[in-house]
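Trainee: Quick one: this structure, given as structure tokens, is what I'll be asking you about.
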Amino acid sequence: MISSWRLKNRYYQLLGCKCKDCGAKHFPPKKQCRKCDSLNLEDCEMPRKGKLITYTFLHEPMAAFQDQIPLTLGIIELEEGVRFPAQIVDSSQDRVKSGVNVEAVFRRIRVDGESGQIQYGYKFRISK
């Protein structure tokens with residue numbers, strides 16, 4: 001198993017991949033292109049801006065997220081068309097609407113209860 005610190009670029013950047021054969025971009029990164037099945041992929045940093053396609057508010061999230069109720073999750077479409085789920089932060093519920101512009105931000109993901117180690121990563125907020 002690979003240590004998480006070895007994958008820090010995957011957690012701390014929006015690092016996906018691009019197919020060298022057809023140009024398709026994927027996030028999170030894949031080992032094989034979903035468009036043309038090529039294995040010829042390279043790392044590619046994704047744009048940090050996009051729009052919120054759809055969303056939901058979780059009022060009973062997993063135990064690790066109890067301090068973030070309601071937890072807002074959405075499907076983000078980045079400027080280049082890549083879509084994926086992400087947490088929406090720093091916004092009141094009335095500002096969360098399909099089609100609003102969003103931007104990636106660096107935030108705390110969780111704290112390990114035993115070691116107290118804090119893990120960080122990307123989340124999204126509504127653009128100002």
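Residues are referred to by chain and number: the chain letter is A, B, ... according to the order shown in the structure tokens, the number counts from 1 in that chain, and ligands are numbered separately from 1 in the order shown.
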Please run DSSP on the backbone and report, as a count of residues only, all residues within chain A that come out as strand (DSSP E).

Mentor: 57

Trainee: Could you give me, as a list in words, the residues within 8 Å of Ser91 (chain A), counting only C-alpha atoms and dropping anything in the same chain fewer than 5 positions from it?

Mentor: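 Near neighbours after the sequence-gap exclusion: Val96, Arg125 and Ile126 of chain A.
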
Trainee: For the residues in the current selection, export N, CA, C and O atoms as a compact mmCIF listing (two decimals), in the first residue's frame.

Mentor:
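Below is the file that was written, selection01.txt:
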# COMPACT_ATOMS: atom_id res chain seq x y z
N VAL A 96 -26.46 28.35 -2.37
CA VAL A 96 -26.15 27.13 -3.11
C VAL A 96 -27.27 26.86 -4.11
O VAL A 96 -28.39 26.58 -3.74
N ARG A 125 -16.01 26.37 -3.02
CA ARG A 125 -16.89 27.41 -2.50
C ARG A 125 -17.46 28.18 -3.67
O ARG A 125 -16.91 28.20 -4.78
N ILE A 126 -18.59 28.82 -3.41
CA ILE A 126 -19.23 29.64 -4.44
C ILE A 126 -18.35 30.87 -4.68
O ILE A 126 -17.91 31.53 -3.72

Trainee: Neighbouring residues of Tyr122 (chain A) were defined as those with any atom within 10 Å, considering only C-alpha atoms; residues of the same chain fewer than 4 positions away were excluded. Please report them as JSON, numbers by chain.

Mentor: {"A": [10, 11, 12, 13, 14, 48, 86, 87, 88, 103, 104, 105, 106, 107, 108, 109]}

Trainee: Got time to write the residues from that selection, all heavy atoms, as a compact mmCIF listing (two decimals), in the first residue's frame?

Mentor:
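The new file result25.txt reads:
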# COMPACT_ATOMS: atom_id res chain seq x y z
N ARG A 10 -1.91 14.52 -5.18
CA ARG A 10 -3.28 14.15 -5.55
C ARG A 10 -4.29 14.77 -4.59
O ARG A 10 -5.40 15.07 -4.96
CB ARG A 10 -3.45 12.64 -5.55
CG ARG A 10 -2.51 11.92 -6.46
CD ARG A 10 -3.18 11.62 -7.77
NE ARG A 10 -2.29 10.84 -8.61
CZ ARG A 10 -1.88 11.25 -9.80
NH1 ARG A 10 -2.30 12.38 -10.28
NH2 ARG A 10 -1.06 10.52 -10.50
N TYR A 11 -3.90 14.95 -3.33
CA TYR A 11 -4.81 15.49 -2.32
C TYR A 11 -4.75 17.01 -2.24
O TYR A 11 -5.73 17.65 -1.94
CB TYR A 11 -4.48 14.92 -0.94
CG TYR A 11 -4.64 13.42 -0.86
CD1 TYR A 11 -3.60 12.62 -0.46
CD2 TYR A 11 -5.84 12.81 -1.20
CE1 TYR A 11 -3.74 11.24 -0.38
CE2 TYR A 11 -5.99 11.44 -1.13
CZ TYR A 11 -4.94 10.66 -0.72
OH TYR A 11 -5.08 9.31 -0.64
N TYR A 12 -3.59 17.59 -2.48
CA TYR A 12 -3.39 19.01 -2.25
C TYR A 12 -3.53 19.84 -3.52
O TYR A 12 -3.54 21.06 -3.47
CB TYR A 12 -2.04 19.27 -1.61
CG TYR A 12 -1.90 18.64 -0.25
CD1 TYR A 12 -0.66 18.43 0.32
CD2 TYR A 12 -3.01 18.24 0.49
CE1 TYR A 12 -0.53 17.86 1.57
CE2 TYR A 12 -2.90 17.66 1.73
CZ TYR A 12 -1.64 17.48 2.27
OH TYR A 12 -1.52 16.92 3.50
N GLN A 13 -3.59 19.21 -4.66
CA GLN A 13 -3.81 19.89 -5.93
C GLN A 13 -4.98 19.20 -6.61
O GLN A 13 -5.35 18.09 -6.25
CB GLN A 13 -2.59 19.77 -6.83
CG GLN A 13 -1.34 20.38 -6.29
CD GLN A 13 -0.16 20.09 -7.21
OE1 GLN A 13 -0.29 19.46 -8.24
NE2 GLN A 13 1.00 20.56 -6.81
N LEU A 14 -5.50 19.81 -7.61
CA LEU A 14 -6.50 19.13 -8.44
C LEU A 14 -5.73 18.46 -9.57
O LEU A 14 -5.71 18.91 -10.70
CB LEU A 14 -7.52 20.12 -8.99
CG LEU A 14 -8.51 20.67 -7.99
CD1 LEU A 14 -9.41 21.71 -8.64
CD2 LEU A 14 -9.35 19.55 -7.42
N ARG A 48 -9.10 25.27 -11.45
CA ARG A 48 -9.63 25.40 -10.10
C ARG A 48 -11.00 26.09 -10.08
O ARG A 48 -11.54 26.36 -9.03
CB ARG A 48 -8.64 26.16 -9.23
CG ARG A 48 -7.28 25.44 -9.17
CD ARG A 48 -6.28 26.13 -8.31
NE ARG A 48 -6.68 26.20 -6.93
CZ ARG A 48 -6.54 25.22 -6.04
NH1 ARG A 48 -6.03 24.07 -6.41
NH2 ARG A 48 -6.91 25.39 -4.79
N ALA A 86 -17.89 16.82 -4.92
CA ALA A 86 -17.03 17.54 -3.97
C ALA A 86 -17.90 18.22 -2.92
O ALA A 86 -19.09 18.45 -3.13
CB ALA A 86 -16.19 18.58 -4.70
N GLN A 87 -17.28 18.54 -1.80
CA GLN A 87 -17.97 19.25 -0.73
C GLN A 87 -17.97 20.75 -1.04
O GLN A 87 -16.98 21.30 -1.52
CB GLN A 87 -17.29 19.01 0.61
CG GLN A 87 -18.03 19.63 1.77
CD GLN A 87 -17.37 19.33 3.12
OE1 GLN A 87 -16.39 18.62 3.20
NE2 GLN A 87 -17.94 19.88 4.17
N ILE A 88 -19.10 21.41 -0.76
CA ILE A 88 -19.24 22.85 -0.93
C ILE A 88 -19.14 23.46 0.47
O ILE A 88 -19.83 23.04 1.39
CB ILE A 88 -20.61 23.22 -1.55
CG1 ILE A 88 -20.88 22.42 -2.83
CG2 ILE A 88 -20.70 24.73 -1.80
CD1 ILE A 88 -19.88 22.62 -3.92
N GLU A 103 -15.17 27.71 -6.99
CA GLU A 103 -13.72 27.68 -7.09
C GLU A 103 -13.17 26.76 -6.01
O GLU A 103 -13.76 26.64 -4.93
CB GLU A 103 -13.13 29.08 -6.95
CG GLU A 103 -13.46 29.75 -5.62
CD GLU A 103 -13.08 31.22 -5.58
OE1 GLU A 103 -12.50 31.73 -6.56
OE2 GLU A 103 -13.35 31.86 -4.55
N ALA A 104 -12.06 26.11 -6.32
CA ALA A 104 -11.42 25.19 -5.37
C ALA A 104 -10.76 25.98 -4.25
O ALA A 104 -10.18 27.05 -4.47
CB ALA A 104 -10.39 24.33 -6.09
N VAL A 105 -10.86 25.45 -3.04
CA VAL A 105 -10.18 26.01 -1.88
C VAL A 105 -9.52 24.87 -1.11
O VAL A 105 -9.93 23.71 -1.21
CB VAL A 105 -11.15 26.79 -0.95
CG1 VAL A 105 -11.65 28.04 -1.64
CG2 VAL A 105 -12.32 25.93 -0.52
N PHE A 106 -8.51 25.19 -0.35
CA PHE A 106 -7.75 24.23 0.43
C PHE A 106 -8.31 24.25 1.86
O PHE A 106 -8.31 25.29 2.50
CB PHE A 106 -6.28 24.65 0.41
CG PHE A 106 -5.34 23.64 0.95
CD1 PHE A 106 -5.11 22.46 0.29
CD2 PHE A 106 -4.63 23.90 2.10
CE1 PHE A 106 -4.21 21.53 0.77
CE2 PHE A 106 -3.73 22.99 2.60
CZ PHE A 106 -3.52 21.80 1.94
N ARG A 107 -8.79 23.11 2.35
CA ARG A 107 -9.43 23.05 3.66
C ARG A 107 -9.07 21.77 4.41
O ARG A 107 -8.63 20.80 3.82
CB ARG A 107 -10.96 23.10 3.53
CG ARG A 107 -11.51 24.38 2.98
CD ARG A 107 -11.44 25.50 4.02
NE ARG A 107 -12.10 26.69 3.58
CZ ARG A 107 -11.51 27.66 2.91
NH1 ARG A 107 -10.26 27.57 2.58
NH2 ARG A 107 -12.19 28.73 2.55
N ARG A 108 -9.36 21.80 5.71
CA ARG A 108 -9.18 20.60 6.53
C ARG A 108 -10.22 19.57 6.12
O ARG A 108 -11.39 19.89 5.96
CB ARG A 108 -9.37 20.95 8.00
CG ARG A 108 -9.17 19.76 8.93
CD ARG A 108 -9.51 20.13 10.33
NE ARG A 108 -10.97 20.24 10.38
CZ ARG A 108 -11.68 20.32 11.47
NH1 ARG A 108 -11.10 20.38 12.63
NH2 ARG A 108 -12.99 20.40 11.42
N ILE A 109 -9.76 18.33 5.94
CA ILE A 109 -10.66 17.24 5.61
C ILE A 109 -11.09 16.53 6.89
O ILE A 109 -12.26 16.33 7.15
CB ILE A 109 -9.99 16.23 4.65
CG1 ILE A 109 -9.56 16.92 3.35
CG2 ILE A 109 -10.90 15.04 4.38
CD1 ILE A 109 -10.70 17.40 2.48

Trainee: Which one is closest to Ala24 (chain A): A:Gly81, A:Gly50, A:Pro61, A:Pro70? Count only C-alpha atoms.

Mentor: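 Among the listed residues, the smallest separation from Ala24 (chain A) belongs to A:Gly81.
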
Trainee: Could you give me, as a PyMOL selection string, each residue of region 9-77 of chain A that DSSP assigns to helix (DSSP H, G or I) when run on this structure's backbone?

Mentor: chain A and resi 9-12+63-68

Trainee: Dump all heavy atoms for the selected residues as a tab-separated table (two decimals), in the first residue's frame?

Mentor:
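Final output, out_17.tsv:
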chain	number	residue	atom	x	y	z
A	9	ASN	N	0.33	15.19	-3.74
A	9	ASN	CA	-0.05	16.04	-4.87
A	9	ASN	C	-1.47	15.75	-5.33
A	9	ASN	O	-2.18	16.63	-5.80
A	9	ASN	CB	0.91	15.86	-6.05
A	9	ASN	CG	2.23	16.53	-5.79
A	9	ASN	OD1	2.35	17.39	-4.93
A	9	ASN	ND2	3.25	16.14	-6.53
A	10	ARG	N	-1.91	14.52	-5.18
A	10	ARG	CA	-3.28	14.15	-5.55
A	10	ARG	C	-4.29	14.77	-4.59
A	10	ARG	O	-5.40	15.07	-4.96
A	10	ARG	CB	-3.45	12.64	-5.55
A	10	ARG	CG	-2.51	11.92	-6.46
A	10	ARG	CD	-3.18	11.62	-7.77
A	10	ARG	NE	-2.29	10.84	-8.61
A	10	ARG	CZ	-1.88	11.25	-9.80
A	10	ARG	NH1	-2.30	12.38	-10.28
A	10	ARG	NH2	-1.06	10.52	-10.50
A	11	TYR	N	-3.90	14.95	-3.33
A	11	TYR	CA	-4.81	15.49	-2.32
A	11	TYR	C	-4.75	17.01	-2.24
A	11	TYR	O	-5.73	17.65	-1.94
A	11	TYR	CB	-4.48	14.92	-0.94
A	11	TYR	CG	-4.64	13.42	-0.86
A	11	TYR	CD1	-3.60	12.62	-0.46
A	11	TYR	CD2	-5.84	12.81	-1.20
A	11	TYR	CE1	-3.74	11.24	-0.38
A	11	TYR	CE2	-5.99	11.44	-1.13
A	11	TYR	CZ	-4.94	10.66	-0.72
A	11	TYR	OH	-5.08	9.31	-0.64
A	12	TYR	N	-3.59	17.59	-2.48
A	12	TYR	CA	-3.39	19.01	-2.25
A	12	TYR	C	-3.53	19.84	-3.52
A	12	TYR	O	-3.54	21.06	-3.47
A	12	TYR	CB	-2.04	19.27	-1.61
A	12	TYR	CG	-1.90	18.64	-0.25
A	12	TYR	CD1	-0.66	18.43	0.32
A	12	TYR	CD2	-3.01	18.24	0.49
A	12	TYR	CE1	-0.53	17.86	1.57
A	12	TYR	CE2	-2.90	17.66	1.73
A	12	TYR	CZ	-1.64	17.48	2.27
A	12	TYR	OH	-1.52	16.92	3.50
A	63	ALA	N	-19.99	10.03	10.97
A	63	ALA	CA	-19.55	10.57	12.27
A	63	ALA	C	-18.43	11.60	12.14
A	63	ALA	O	-18.41	12.60	12.86
A	63	ALA	CB	-19.12	9.42	13.17
A	64	ALA	N	-17.50	11.39	11.23
A	64	ALA	CA	-16.37	12.31	11.09
A	64	ALA	C	-16.79	13.71	10.62
A	64	ALA	O	-16.02	14.66	10.73
A	64	ALA	CB	-15.35	11.73	10.11
A	65	PHE	N	-18.02	13.85	10.12
A	65	PHE	CA	-18.48	15.13	9.58
A	65	PHE	C	-19.62	15.74	10.40
A	65	PHE	O	-20.28	16.67	9.94
A	65	PHE	CB	-18.91	14.96	8.12
A	65	PHE	CG	-17.78	14.54	7.22
A	65	PHE	CD1	-17.58	13.21	6.91
A	65	PHE	CD2	-16.91	15.48	6.70
A	65	PHE	CE1	-16.54	12.81	6.09
A	65	PHE	CE2	-15.86	15.10	5.88
A	65	PHE	CZ	-15.68	13.76	5.58
A	66	GLN	N	-19.85	15.25	11.61
A	66	GLN	CA	-20.94	15.74	12.44
A	66	GLN	C	-20.83	17.23	12.75
A	66	GLN	O	-21.84	17.90	12.92
A	66	GLN	CB	-21.02	14.94	13.75
A	66	GLN	CG	-21.52	13.52	13.56
A	66	GLN	CD	-22.95	13.47	13.08
A	66	GLN	OE1	-23.80	14.21	13.52
A	66	GLN	NE2	-23.21	12.57	12.14
A	67	ASP	N	-19.60	17.74	12.80
A	67	ASP	CA	-19.42	19.16	13.11
A	67	ASP	C	-19.68	20.07	11.90
A	67	ASP	O	-19.58	21.27	12.00
A	67	ASP	CB	-18.02	19.41	13.66
A	67	ASP	CG	-16.91	19.07	12.68
A	67	ASP	OD1	-17.13	18.23	11.78
A	67	ASP	OD2	-15.81	19.65	12.80
A	68	GLN	N	-20.04	19.47	10.76
A	68	GLN	CA	-20.26	20.25	9.54
A	68	GLN	C	-21.71	20.18	9.05
A	68	GLN	O	-21.99	20.45	7.89
A	68	GLN	CB	-19.32	19.74	8.44
A	68	GLN	CG	-17.86	19.89	8.80
A	68	GLN	CD	-16.95	19.32	7.75
A	68	GLN	OE1	-17.17	19.52	6.55
A	68	GLN	NE2	-15.92	18.61	8.17

Trainee: Find, counting only C-alpha atoms, the residue in A:Ile76, A:Ser38, A:Gly121, A:Val102 that gets nearest to Asp90 (chain A).

Mentor: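 Selected residue with least distance to Asp90 (chain A): A:Val102.
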
Trainee: Given only C-alpha atoms as the basis, pick out the residue of A:Cys33, A:Leu39, A:Leu71, A:Cys22 nearest to Ser92 (chain A).

Mentor: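 Result for the nearest residue to Ser92 (chain A): A:Leu71.
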
Trainee: For a test of reading the model, state the distance in Å between CA of Phe84 (chain A) and CA of Lys31 (chain A), rounded to one decimal.

Mentor: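 Calculated distance between CA of Phe84 (chain A) and CA of Lys31 (chain A) is 16.8 Å.
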